[in-house]
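Data block for work_3.cif (mmCIF, C-alpha atoms):
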```
data_entry
#
loop_
_atom_site.label_atom_id
_atom_site.label_comp_id
_atom_site.auth_asym_id
_atom_site.auth_seq_id
_atom_site.Cartn_x
_atom_site.Cartn_y
_atom_site.Cartn_z
CA MET Z 881 -30.37 -5.46 -7.60
CA THR Z 882 -28.06 -2.64 -6.61
CA THR Z 883 -24.44 -3.63 -6.21
CA ARG Z 884 -23.28 -3.21 -2.62
CA VAL Z 885 -19.70 -2.05 -2.23
CA GLY Z 886 -18.04 -2.13 1.17
CA VAL Z 887 -15.73 0.78 1.97
CA VAL Z 888 -13.38 -0.15 4.78
CA VAL Z 889 -12.74 2.55 7.37
CA PHE Z 890 -9.67 2.47 9.61
CA PRO Z 891 -8.83 5.07 12.26
CA GLY Z 892 -7.10 7.67 10.06
CA SER Z 893 -8.83 6.83 6.77
CA ASN Z 894 -10.01 10.06 5.17
CA CYS Z 895 -11.31 9.27 1.67
CA GLU Z 896 -14.15 6.92 2.63
CA LEU Z 897 -16.93 9.46 2.14
CA ASP Z 898 -15.53 10.61 -1.21
CA VAL Z 899 -15.34 6.98 -2.34
CA ALA Z 900 -18.89 6.32 -1.08
CA TRP Z 901 -20.17 9.42 -2.91
CA ALA Z 902 -18.43 8.48 -6.16
CA LEU Z 903 -19.76 4.92 -5.93
CA GLU Z 904 -23.29 6.32 -5.58
CA GLN Z 905 -22.72 8.42 -8.70
CA VAL Z 906 -22.08 5.27 -10.73
CA GLY Z 907 -25.10 3.49 -9.28
CA ALA Z 908 -23.65 1.40 -6.46
CA GLU Z 909 -24.82 1.25 -2.88
CA PRO Z 910 -21.81 1.98 -0.65
CA LYS Z 911 -21.60 0.47 2.80
CA LEU Z 912 -19.05 1.71 5.31
CA LEU Z 913 -17.33 -1.13 7.16
CA TRP Z 914 -15.31 -0.58 10.35
CA HIS Z 915 -11.82 -2.04 10.68
CA GLY Z 916 -12.86 -3.78 13.90
CA ASP Z 917 -15.68 -5.69 12.16
CA ARG Z 918 -15.32 -9.45 11.86
CA ASP Z 919 -16.98 -9.82 8.46
CA VAL Z 920 -17.69 -7.83 5.32
CA ARG Z 921 -21.49 -8.18 5.62
CA GLY Z 922 -22.08 -9.88 2.32
CA VAL Z 923 -21.03 -7.00 0.05
CA ASP Z 924 -20.34 -7.61 -3.65
CA ALA Z 925 -17.04 -5.69 -3.77
CA LEU Z 926 -14.65 -3.98 -1.38
CA VAL Z 927 -12.69 -0.74 -1.52
CA ILE Z 928 -9.94 0.22 0.93
CA PRO Z 929 -9.86 4.00 0.62
CA GLY Z 930 -7.03 6.46 1.04
CA GLY Z 931 -5.88 8.23 4.18
CA PHE Z 932 -3.48 7.41 6.98
CA ALA Z 933 -4.73 4.16 8.48
CA HIS Z 934 -3.51 3.92 12.08
CA GLY Z 935 -1.51 7.09 11.50
CA ASP Z 936 0.85 5.29 9.10
CA TYR Z 937 2.86 4.45 12.22
CA LEU Z 938 5.95 2.28 11.66
CA ARG Z 939 5.24 2.04 7.90
CA THR Z 940 2.19 2.91 5.80
CA GLY Z 941 -0.28 0.05 6.10
CA ALA Z 942 1.85 -1.88 8.58
CA ILE Z 943 -0.58 -1.73 11.50
CA ALA Z 944 -3.79 -1.74 9.43
CA ARG Z 945 -2.83 -5.16 8.20
CA PHE Z 946 -3.50 -6.56 11.68
CA SER Z 947 -7.00 -5.07 11.98
CA ARG Z 948 -9.71 -7.62 12.71
CA ILE Z 949 -11.47 -7.11 9.37
CA MET Z 950 -8.34 -8.01 7.38
CA GLY Z 951 -8.97 -11.75 7.88
CA ALA Z 952 -12.40 -11.44 6.29
CA ILE Z 953 -10.95 -9.27 3.52
CA GLY Z 954 -8.32 -11.92 2.80
CA ASP Z 955 -11.05 -14.60 2.59
CA PHE Z 956 -13.15 -12.39 0.32
CA ALA Z 957 -10.19 -11.88 -2.04
CA ALA Z 958 -9.23 -15.57 -1.95
CA ALA Z 959 -12.78 -16.43 -3.04
CA GLY Z 960 -12.35 -14.14 -6.06
CA GLY Z 961 -14.21 -11.13 -4.67
CA PRO Z 962 -13.31 -7.78 -6.27
CA LEU Z 963 -11.07 -5.78 -3.93
CA VAL Z 964 -9.52 -2.41 -4.71
CA GLY Z 965 -7.04 -0.47 -2.61
CA ILE Z 966 -6.69 3.21 -3.42
CA CYS Z 967 -3.55 5.09 -2.30
CA ASN Z 968 -3.20 4.16 1.40
CA GLY Z 969 -5.44 1.20 0.56
CA PHE Z 970 -2.82 0.05 -1.97
CA GLN Z 971 -0.17 0.35 0.74
CA VAL Z 972 -2.34 -1.75 3.10
CA LEU Z 973 -2.76 -4.45 0.43
CA THR Z 974 0.99 -4.74 -0.15
CA GLU Z 975 1.69 -4.93 3.61
CA ALA Z 976 -1.01 -7.60 3.93
CA GLY Z 977 0.66 -9.63 1.18
CA LEU Z 978 -2.43 -9.46 -1.04
CA LEU Z 979 -0.36 -7.62 -3.66
CA PRO Z 980 3.40 -7.96 -4.24
CA GLY Z 981 6.00 -5.24 -3.72
CA ALA Z 982 5.94 -2.15 -1.52
CA LEU Z 983 5.36 1.58 -1.74
CA GLN Z 984 8.12 3.72 -0.40
CA LYS Z 985 8.83 7.41 -0.10
CA ASN Z 986 8.72 9.39 -3.34
CA ILE Z 987 11.95 10.15 -5.10
CA GLY Z 988 13.35 13.49 -3.95
CA MET Z 989 11.27 13.26 -0.74
CA LYS Z 990 8.46 15.19 -2.43
CA PHE Z 991 4.82 14.96 -1.44
CA VAL Z 992 2.95 14.87 -4.76
CA CYS Z 993 -0.54 16.34 -4.94
CA ARG Z 994 -1.72 17.00 -8.49
CA THR Z 995 -3.74 15.60 -11.35
CA VAL Z 996 -1.70 13.26 -13.51
CA ASP Z 997 -2.22 11.25 -16.68
CA VAL Z 998 -2.26 7.48 -16.34
CA ARG Z 999 -2.46 4.99 -19.17
CA VAL Z 1000 -4.66 1.90 -18.98
CA GLU Z 1001 -2.37 -1.07 -19.66
CA THR Z 1002 -4.81 -3.99 -19.47
CA LYS Z 1003 -8.55 -4.57 -19.58
CA ASP Z 1004 -8.10 -7.77 -17.66
CA SER Z 1005 -8.62 -6.58 -14.07
CA VAL Z 1006 -11.67 -5.77 -11.96
CA LEU Z 1007 -10.86 -2.08 -12.24
CA THR Z 1008 -10.41 -1.79 -16.01
CA THR Z 1009 -12.95 -4.17 -17.60
CA SER Z 1010 -14.89 -1.26 -19.13
CA ALA Z 1011 -11.83 0.77 -20.14
CA GLU Z 1012 -9.79 0.50 -23.32
CA VAL Z 1013 -6.09 -0.34 -23.35
CA GLY Z 1014 -3.95 2.68 -24.18
CA ILE Z 1015 -6.42 5.39 -23.14
CA HIS Z 1016 -5.17 8.17 -20.90
CA LEU Z 1017 -7.10 9.08 -17.76
CA ARG Z 1018 -6.63 12.34 -15.84
CA ILE Z 1019 -6.80 11.42 -12.16
CA PRO Z 1020 -5.40 13.13 -9.06
CA VAL Z 1021 -2.62 11.63 -6.98
CA ASN Z 1022 -1.99 12.72 -3.40
CA HIS Z 1023 0.78 10.86 -1.62
CA PHE Z 1024 4.22 10.83 -0.05
CA GLU Z 1025 4.76 7.07 -0.32
CA GLY Z 1026 3.72 6.14 -3.85
CA ASN Z 1027 7.06 5.01 -5.20
CA TYR Z 1028 6.37 1.40 -6.16
CA VAL Z 1029 9.23 -1.09 -5.73
CA CYS Z 1030 9.56 -4.85 -6.00
CA ASP Z 1031 12.41 -7.25 -6.66
CA GLY Z 1032 13.54 -8.21 -10.17
CA PRO Z 1033 11.75 -11.58 -10.43
CA THR Z 1034 8.47 -10.06 -9.17
CA HIS Z 1035 8.77 -7.25 -11.72
CA GLU Z 1036 9.38 -9.78 -14.51
CA LEU Z 1037 6.34 -11.75 -13.38
CA LEU Z 1038 4.12 -8.64 -13.30
CA ARG Z 1039 5.15 -7.81 -16.86
CA ALA Z 1040 4.93 -11.38 -18.17
CA GLU Z 1041 1.45 -11.86 -16.69
CA ASP Z 1042 0.19 -8.46 -17.85
CA ARG Z 1043 -0.48 -7.39 -14.26
CA VAL Z 1044 0.53 -3.74 -14.53
CA VAL Z 1045 -2.94 -2.18 -14.69
CA LEU Z 1046 -2.03 1.53 -14.89
CA ARG Z 1047 1.18 3.39 -15.73
CA TYR Z 1048 2.02 7.06 -15.25
CA VAL Z 1049 2.49 8.92 -18.50
CA ASP Z 1050 4.92 11.25 -16.70
CA ASN Z 1051 6.21 9.48 -13.58
CA PRO Z 1052 5.61 11.79 -10.57
CA ASN Z 1053 7.18 9.73 -7.77
CA GLY Z 1054 10.01 7.50 -9.03
CA SER Z 1055 7.86 4.37 -9.29
CA LEU Z 1056 9.54 1.35 -10.85
CA ASP Z 1057 8.57 1.00 -14.53
CA ASP Z 1058 6.14 3.97 -14.14
CA ILE Z 1059 3.78 1.66 -12.25
CA ALA Z 1060 0.64 3.40 -10.90
CA GLY Z 1061 -1.43 0.28 -10.31
CA ILE Z 1062 -1.12 -3.51 -10.34
CA CYS Z 1063 -3.33 -6.54 -9.85
CA ASN Z 1064 -2.89 -9.96 -8.25
CA GLU Z 1065 -2.66 -13.25 -10.09
CA GLY Z 1066 -6.44 -13.73 -9.95
CA ARG Z 1067 -6.91 -10.17 -11.33
CA ASN Z 1068 -9.60 -9.49 -8.69
CA VAL Z 1069 -7.35 -7.52 -6.33
CA VAL Z 1070 -6.12 -4.18 -7.65
CA GLY Z 1071 -4.03 -1.51 -5.94
CA LEU Z 1072 -3.51 1.95 -7.39
CA MET Z 1073 -2.09 5.25 -6.15
CA PRO Z 1074 -4.35 7.63 -8.15
CA HIS Z 1075 -7.75 8.52 -6.65
CA PRO Z 1076 -10.55 7.68 -9.13
CA GLU Z 1077 -13.15 8.98 -6.66
CA ARG Z 1078 -11.65 12.47 -7.02
CA ALA Z 1079 -12.24 12.34 -10.77
CA ALA Z 1080 -15.80 11.08 -10.74
CA GLU Z 1081 -17.72 14.18 -11.89
CA PRO Z 1082 -16.96 17.01 -14.36
CA ILE Z 1083 -17.28 19.57 -11.55
CA LEU Z 1084 -14.19 17.99 -9.94
CA GLY Z 1085 -12.13 18.81 -13.03
CA SER Z 1086 -12.24 15.31 -14.49
CA ALA Z 1087 -14.72 12.46 -14.70
CA ASP Z 1088 -12.07 10.05 -16.01
CA GLY Z 1089 -12.13 7.99 -12.83
CA ARG Z 1090 -15.71 6.89 -13.44
CA VAL Z 1091 -14.75 4.24 -15.97
CA LEU Z 1092 -12.67 2.53 -13.26
CA LEU Z 1093 -15.49 2.56 -10.71
CA GLU Z 1094 -17.95 1.39 -13.39
CA SER Z 1095 -15.57 -1.45 -14.23
CA LEU Z 1096 -15.64 -2.50 -10.59
CA LEU Z 1097 -19.44 -2.75 -10.71
CA VAL Z 1098 -19.37 -4.66 -14.00
CA SER Z 1099 -16.86 -7.04 -12.41
CA THR Z 1100 -19.16 -7.76 -9.49
CA VAL Z 1101 -22.01 -8.59 -11.87
CA GLY Z 1102 -19.62 -10.82 -13.80
CA ALA Z 1103 -18.43 -12.51 -10.63
CA ALA Z 1104 -22.01 -13.10 -9.48
CA ALA Z 1105 -22.98 -14.59 -12.86
CA ALA Z 1106 -19.93 -16.85 -13.02
CA MET L 1091 15.48 -12.96 32.42
CA THR L 1092 15.01 -9.48 30.99
CA PHE L 1093 16.59 -8.35 27.76
CA GLU L 1094 16.94 -5.14 25.85
CA ALA L 1095 16.79 -5.50 22.08
CA ILE L 1096 17.82 -2.70 19.77
CA VAL L 1097 16.45 -3.39 16.31
CA GLU L 1098 17.95 -1.38 13.50
CA VAL L 1099 15.91 -1.33 10.30
CA VAL L 1100 17.55 -0.03 7.11
CA HIS L 1101 16.90 -0.23 3.38
CA LEU L 1102 18.04 -3.32 1.52
CA PRO L 1103 21.06 -2.69 -0.66
CA GLY L 1104 19.91 -1.66 -4.11
CA ILE L 1105 16.61 -0.23 -2.86
CA LEU L 1106 16.45 3.49 -3.29
CA ASP L 1107 16.65 5.34 0.04
CA PRO L 1108 15.16 8.78 -0.68
CA GLN L 1109 15.73 10.05 2.88
CA GLY L 1110 19.38 8.97 2.84
CA ALA L 1111 19.89 10.51 -0.60
CA THR L 1112 18.40 13.82 0.54
CA VAL L 1113 20.57 13.99 3.68
CA GLU L 1114 23.57 12.97 1.57
CA ARG L 1115 22.99 15.99 -0.67
CA ALA L 1116 22.41 18.31 2.28
CA LEU L 1117 25.62 17.54 4.20
CA PRO L 1118 28.06 18.89 1.57
CA ALA L 1119 26.04 22.12 1.62
CA LEU L 1120 27.14 22.47 5.24
CA GLY L 1121 30.75 21.89 4.28
CA TYR L 1122 31.00 18.14 4.92
CA GLU L 1123 32.42 17.32 1.49
CA ASN L 1124 33.98 14.05 2.72
CA VAL L 1125 30.69 12.18 3.37
CA ARG L 1126 30.59 9.25 0.96
CA SER L 1127 27.14 7.86 1.66
CA VAL L 1128 24.20 8.24 4.03
CA SER L 1129 21.38 5.84 4.75
CA VAL L 1130 18.46 6.64 7.02
CA GLY L 1131 16.68 3.89 8.93
CA LYS L 1132 14.82 3.29 12.14
CA SER L 1133 15.93 2.20 15.56
CA ILE L 1134 13.41 0.34 17.71
CA ARG L 1135 14.11 -0.44 21.37
CA LEU L 1136 12.28 -3.28 23.07
CA VAL L 1137 12.51 -4.60 26.60
CA LEU L 1138 11.25 -8.15 26.94
CA ASP L 1139 11.22 -11.09 29.33
CA ALA L 1140 12.31 -14.48 28.05
CA PRO L 1141 13.65 -17.71 29.57
CA SER L 1142 16.91 -17.50 27.63
CA GLU L 1143 18.88 -15.31 25.28
CA THR L 1144 18.21 -17.70 22.38
CA GLU L 1145 14.48 -17.54 22.91
CA ALA L 1146 14.56 -13.77 23.24
CA ARG L 1147 16.50 -13.49 20.00
CA ASP L 1148 14.19 -15.92 18.16
CA GLN L 1149 11.18 -13.95 19.28
CA VAL L 1150 12.59 -10.60 18.23
CA GLU L 1151 13.55 -12.13 14.86
CA GLU L 1152 9.98 -13.24 14.41
CA MET L 1153 8.69 -9.75 15.34
CA CYS L 1154 11.00 -8.29 12.71
CA ARG L 1155 9.74 -10.63 10.03
CA ARG L 1156 6.08 -10.15 10.93
CA LEU L 1157 5.90 -6.45 11.74
CA LEU L 1158 8.97 -4.38 12.51
CA ALA L 1159 10.53 -4.61 9.04
CA ASN L 1160 9.14 -5.07 5.54
CA PRO L 1161 11.36 -7.71 3.92
CA VAL L 1162 10.52 -6.37 0.45
CA ILE L 1163 12.47 -3.18 1.03
CA GLU L 1164 14.21 -3.44 4.41
CA ARG L 1165 16.72 -5.49 6.34
CA TYR L 1166 17.23 -5.56 10.08
CA ASP L 1167 19.90 -6.05 12.64
CA ILE L 1168 19.26 -7.07 16.24
CA ARG L 1169 21.47 -6.24 19.21
CA LEU L 1170 20.46 -8.03 22.38
CA THR L 1171 21.73 -7.41 25.89
CA GLN L 1172 20.61 -8.88 29.16
CA LEU L 1173 19.42 -6.32 31.66
CA HIS L 1174 20.40 -6.88 35.26
CA GLU L 1175 17.53 -6.92 37.71
CA ALA L 1176 17.66 -4.27 40.42
CA GLY L 1177 19.37 -5.68 43.50
CA ALA L 1178 20.53 -8.84 41.71
#
```
Could you rewrite the structure in this file as structure tokens?
Amino acid sequence: MTTRVGVVVFPGSNCELDVAWALEQVGAEPKLLWHGDRDVRGVDALVIPGGFAHGDYLRTGAIARFSRIMGAIGDFAAAGGPLVGICNGFQVLTEAGLLPGALQKNIGMKFVCRTVDVRVETKDSVLTTSAEVGIHLRIPVNHFEGNYVCDGPTHELLRAEDRVVLRYVDNPNGSLDDIAGICNEGRNVVGLMPHPERAAEPILGSADGRVLLESLLVSTVGAAAA
Amino acid sequence: MTFEAIVEVVHLPGILDPQGATVERALPALGYENVRSVSVGKSIRLVLDAPSETEARDQVEEMCRRLLANPVIERYDIRLTQLHEAGA
């Protein structure tokens, strides 16, 4: 059976169709979900795509967190469902408390929009099951608030529990410890600033993001079998 | 009773403030060599009805914790004043 992946659309999201397209390329069936929905319609995995949910008013992700669908998303994650937040989606997950820390304005107040190298730091997350530790992936970033911060004890915990999923090879935004992506304690919720959907086909300049999306599908099969 | 609350949200000490740092570098370029530090935050003005000043303050505190500030990177300060009703 085809894996159904929900892509959550907020007013101001703008990467949902790219994510849906890329998911189709790796054999998933994407399903767009509206932020005002009450449930996630039985999908196998969820992606919160990039953009400017609710205009990024107040803080990035601050208002999106109160959208009606966020309750169902929290339940889905608590039950072990694979949930990935890309860019603005990562910001939404931190504001919602589903991932620790926060993403603040880039160092030097620079908007960064370029393809960067990230290193896979762990295989033990729903986004990296099919990847190898230490490989470099060329994936675009496109953000103003990608500078990951958290307090000292949280940082220690992330390191001790091997929860830094991706690190920048050459830090573009001032992120603490070169962090580009992290996961939660259950390893089923992952947030990352790079856009794997923009590196899903050779014609886009890189197909390195595919292994991440493929991992997500493998994870749903694993979760279903467990 | 009606109150005005001015909520000031600024970065926690020790958290990098890229906006403040940028303004801090820009001011000496205009000749203000004596500026020691700059931090940039937000000011949010609310007008609310509440039975007492304590309740108004408690409510605004709660709003700060739940929405207006992100405790991971920001701290807040609340200034509350009672507004006098017209004709009172």
Can you build me a table of chain Z residues sitting at most 8 Å from chain L, with the closest atom pair per residue and its distance in Å to one decimal, using all atoms listed in the file, sorted by chain and residue number, as a tab-separated table?
```
residue	atom	partner	partner_atom	distance
Z:Leu938	CA	L:Leu1158	CA	7.4
Z:Ala942	CA	L:Leu1157	CA	6.9
Z:Glu975	CA	L:Asn1160	CA	7.7
Z:Gly981	CA	L:Val1162	CA	6.3
Z:Ala982	CA	L:Val1162	CA	6.5
Z:Lys985	CA	L:Pro1108	CA	6.5
Z:Asn986	CA	L:Pro1108	CA	7.0
Z:Ile987	CA	L:Pro1108	CA	5.6
Z:Gly988	CA	L:Pro1108	CA	6.0
Z:Met989	CA	L:Pro1108	CA	5.9
Z:Val1029	CA	L:Ile1163	CA	7.8
Z:Cys1030	CA	L:Val1162	CA	6.7
Z:Asp1031	CA	L:Val1162	CA	7.4
```
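In this model, the gap between CA of Gln984 in chain Z and CA of Asn1027 in chain Z comes to 5.1 Å.
The interatomic distance for the pair CA of Val888 in chain Z and CA of Asp917 in chain Z works out to 9.5 Å.
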Find the residues near range 1034-1041 of chain Z: any atom within 12 Å, counting all atoms listed in the file, skip ones fewer than 6 places away on the same chain, and give them as a ChimeraX atom specification.
/Z:979-982,1001-1002,1004-1005,1028,1047,1055-1059,1061-1067 /L:1162
Export of the given selection (C-alpha atoms) as a PDB file, in the frame of the given file:
```
ATOM      1  CA  LEU Z 979      -0.360  -7.620  -3.660  1.00  0.00           C
ATOM      2  CA  PRO Z 980       3.400  -7.960  -4.240  1.00  0.00           C
ATOM      3  CA  GLY Z 981       6.000  -5.240  -3.720  1.00  0.00           C
ATOM      4  CA  ALA Z 982       5.940  -2.150  -1.520  1.00  0.00           C
ATOM      5  CA  GLU Z1001      -2.370  -1.070 -19.660  1.00  0.00           C
ATOM      6  CA  THR Z1002      -4.810  -3.990 -19.470  1.00  0.00           C
ATOM      7  CA  ASP Z1004      -8.100  -7.770 -17.660  1.00  0.00           C
ATOM      8  CA  SER Z1005      -8.620  -6.580 -14.070  1.00  0.00           C
ATOM      9  CA  TYR Z1028       6.370   1.400  -6.160  1.00  0.00           C
ATOM     10  CA  ARG Z1047       1.180   3.390 -15.730  1.00  0.00           C
ATOM     11  CA  SER Z1055       7.860   4.370  -9.290  1.00  0.00           C
ATOM     12  CA  LEU Z1056       9.540   1.350 -10.850  1.00  0.00           C
ATOM     13  CA  ASP Z1057       8.570   1.000 -14.530  1.00  0.00           C
ATOM     14  CA  ASP Z1058       6.140   3.970 -14.140  1.00  0.00           C
ATOM     15  CA  ILE Z1059       3.780   1.660 -12.250  1.00  0.00           C
ATOM     16  CA  GLY Z1061      -1.430   0.280 -10.310  1.00  0.00           C
ATOM     17  CA  ILE Z1062      -1.120  -3.510 -10.340  1.00  0.00           C
ATOM     18  CA  CYS Z1063      -3.330  -6.540  -9.850  1.00  0.00           C
ATOM     19  CA  ASN Z1064      -2.890  -9.960  -8.250  1.00  0.00           C
ATOM     20  CA  GLU Z1065      -2.660 -13.250 -10.090  1.00  0.00           C
ATOM     21  CA  GLY Z1066      -6.440 -13.730  -9.950  1.00  0.00           C
ATOM     22  CA  ARG Z1067      -6.910 -10.170 -11.330  1.00  0.00           C
TER      23      ARG Z1067
ATOM     24  CA  VAL L1162      10.520  -6.370   0.450  1.00  0.00           C
TER      25      VAL L1162
END
```
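Interatomic distance, CA of Met950 in chain Z to CA of Arg918 in chain Z: 8.4 Å.
Put simply, the PyMOL selection byres ((chain Z and resi 1012) around 12) on this file hits Arg999, Val1000, Glu1001, Thr1002, Lys1003, Asp1004, Ser1005, Leu1007, Thr1008, Thr1009, Ser1010, Ala1011, Val1013, Gly1014, Ile1015, His1016, Leu1017, Val1045, Leu1046, Val1091, Leu1092 and Ser1095 of chain Z.
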Using the chain letters and numbers from the file, which residues does the PyMOL selection byres ((chain L and resi 1093) around 6) grab, as a PyMOL selection string?
chain L and resi 1092+1094+1137-1138+1171-1173
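Considering the residues Z:Val972, Z:Leu912, Z:Val1069, Z:Val1101 and counting only C-alpha atoms, Asp936 in chain Z has its shortest atom-to-atom contact with Z:Val972.
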Can you complete the atoms of range 1028-1049 of chain Z to N, CA and C atoms and list them as a PDB file, keeping the file's coordinate frame?
```pdb
ATOM      1  N   TYR Z1028       6.504   2.857  -6.175  1.00  0.00           N
ATOM      2  CA  TYR Z1028       6.370   1.400  -6.160  1.00  0.00           C
ATOM      3  C   TYR Z1028       7.726   0.711  -6.388  1.00  0.00           C
ATOM      4  N   VAL Z1029       8.013  -0.277  -5.556  1.00  0.00           N
ATOM      5  CA  VAL Z1029       9.230  -1.090  -5.730  1.00  0.00           C
ATOM      6  C   VAL Z1029       8.890  -2.566  -5.540  1.00  0.00           C
ATOM      7  N   CYS Z1030       9.628  -3.406  -6.247  1.00  0.00           N
ATOM      8  CA  CYS Z1030       9.560  -4.850  -6.000  1.00  0.00           C
ATOM      9  C   CYS Z1030      10.872  -5.425  -6.517  1.00  0.00           C
ATOM     10  N   ASP Z1031      11.140  -6.685  -6.198  1.00  0.00           N
ATOM     11  CA  ASP Z1031      12.410  -7.250  -6.660  1.00  0.00           C
ATOM     12  C   ASP Z1031      12.314  -7.635  -8.139  1.00  0.00           C
ATOM     13  N   GLY Z1032      13.456  -7.924  -8.736  1.00  0.00           N
ATOM     14  CA  GLY Z1032      13.540  -8.210 -10.170  1.00  0.00           C
ATOM     15  C   GLY Z1032      12.599  -9.321 -10.636  1.00  0.00           C
ATOM     16  N   PRO Z1033      12.634 -10.495  -9.978  1.00  0.00           N
ATOM     17  CA  PRO Z1033      11.750 -11.580 -10.430  1.00  0.00           C
ATOM     18  C   PRO Z1033      10.268 -11.209 -10.361  1.00  0.00           C
ATOM     19  N   THR Z1034       9.874 -10.476  -9.296  1.00  0.00           N
ATOM     20  CA  THR Z1034       8.470 -10.060  -9.170  1.00  0.00           C
ATOM     21  C   THR Z1034       8.103  -9.120 -10.315  1.00  0.00           C
ATOM     22  N   HIS Z1035       9.016  -8.202 -10.633  1.00  0.00           N
ATOM     23  CA  HIS Z1035       8.770  -7.250 -11.720  1.00  0.00           C
ATOM     24  C   HIS Z1035       8.601  -7.998 -13.049  1.00  0.00           C
ATOM     25  N   GLU Z1036       9.474  -8.970 -13.289  1.00  0.00           N
ATOM     26  CA  GLU Z1036       9.380  -9.780 -14.510  1.00  0.00           C
ATOM     27  C   GLU Z1036       8.024 -10.479 -14.598  1.00  0.00           C
ATOM     28  N   LEU Z1037       7.609 -11.014 -13.439  1.00  0.00           N
ATOM     29  CA  LEU Z1037       6.340 -11.750 -13.380  1.00  0.00           C
ATOM     30  C   LEU Z1037       5.164 -10.797 -13.683  1.00  0.00           C
ATOM     31  N   LEU Z1038       5.197  -9.615 -13.079  1.00  0.00           N
ATOM     32  CA  LEU Z1038       4.120  -8.640 -13.300  1.00  0.00           C
ATOM     33  C   LEU Z1038       4.001  -8.312 -14.790  1.00  0.00           C
ATOM     34  N   ARG Z1039       5.160  -8.156 -15.433  1.00  0.00           N
ATOM     35  CA  ARG Z1039       5.150  -7.810 -16.860  1.00  0.00           C
ATOM     36  C   ARG Z1039       4.690  -9.004 -17.702  1.00  0.00           C
ATOM     37  N   ALA Z1040       5.247 -10.189 -17.370  1.00  0.00           N
ATOM     38  CA  ALA Z1040       4.930 -11.380 -18.170  1.00  0.00           C
ATOM     39  C   ALA Z1040       3.448 -11.731 -18.071  1.00  0.00           C
ATOM     40  N   GLU Z1041       2.863 -11.481 -16.891  1.00  0.00           N
ATOM     41  CA  GLU Z1041       1.450 -11.860 -16.690  1.00  0.00           C
ATOM     42  C   GLU Z1041       0.505 -10.694 -16.941  1.00  0.00           C
ATOM     43  N   ASP Z1042       1.027  -9.599 -17.504  1.00  0.00           N
ATOM     44  CA  ASP Z1042       0.190  -8.460 -17.850  1.00  0.00           C
ATOM     45  C   ASP Z1042      -0.567  -7.933 -16.618  1.00  0.00           C
ATOM     46  N   ARG Z1043       0.165  -7.797 -15.512  1.00  0.00           N
ATOM     47  CA  ARG Z1043      -0.480  -7.390 -14.260  1.00  0.00           C
ATOM     48  C   ARG Z1043      -0.239  -5.934 -13.884  1.00  0.00           C
ATOM     49  N   VAL Z1044       0.448  -5.190 -14.764  1.00  0.00           N
ATOM     50  CA  VAL Z1044       0.530  -3.740 -14.530  1.00  0.00           C
ATOM     51  C   VAL Z1044      -0.759  -3.167 -15.125  1.00  0.00           C
ATOM     52  N   VAL Z1045      -1.610  -2.630 -14.269  1.00  0.00           N
ATOM     53  CA  VAL Z1045      -2.940  -2.180 -14.690  1.00  0.00           C
ATOM     54  C   VAL Z1045      -2.896  -0.748 -15.212  1.00  0.00           C
ATOM     55  N   LEU Z1046      -2.145   0.115 -14.509  1.00  0.00           N
ATOM     56  CA  LEU Z1046      -2.030   1.530 -14.890  1.00  0.00           C
ATOM     57  C   LEU Z1046      -0.572   1.950 -14.815  1.00  0.00           C
ATOM     58  N   ARG Z1047      -0.163   2.789 -15.792  1.00  0.00           N
ATOM     59  CA  ARG Z1047       1.180   3.390 -15.730  1.00  0.00           C
ATOM     60  C   ARG Z1047       1.051   4.897 -15.814  1.00  0.00           C
ATOM     61  N   TYR Z1048       1.960   5.598 -15.135  1.00  0.00           N
ATOM     62  CA  TYR Z1048       2.020   7.060 -15.250  1.00  0.00           C
ATOM     63  C   TYR Z1048       2.571   7.416 -16.621  1.00  0.00           C
ATOM     64  N   VAL Z1049       1.965   8.432 -17.232  1.00  0.00           N
ATOM     65  CA  VAL Z1049       2.490   8.920 -18.500  1.00  0.00           C
ATOM     66  C   VAL Z1049       3.771   9.712 -18.213  1.00  0.00           C
TER      67      VAL Z1049
END
```
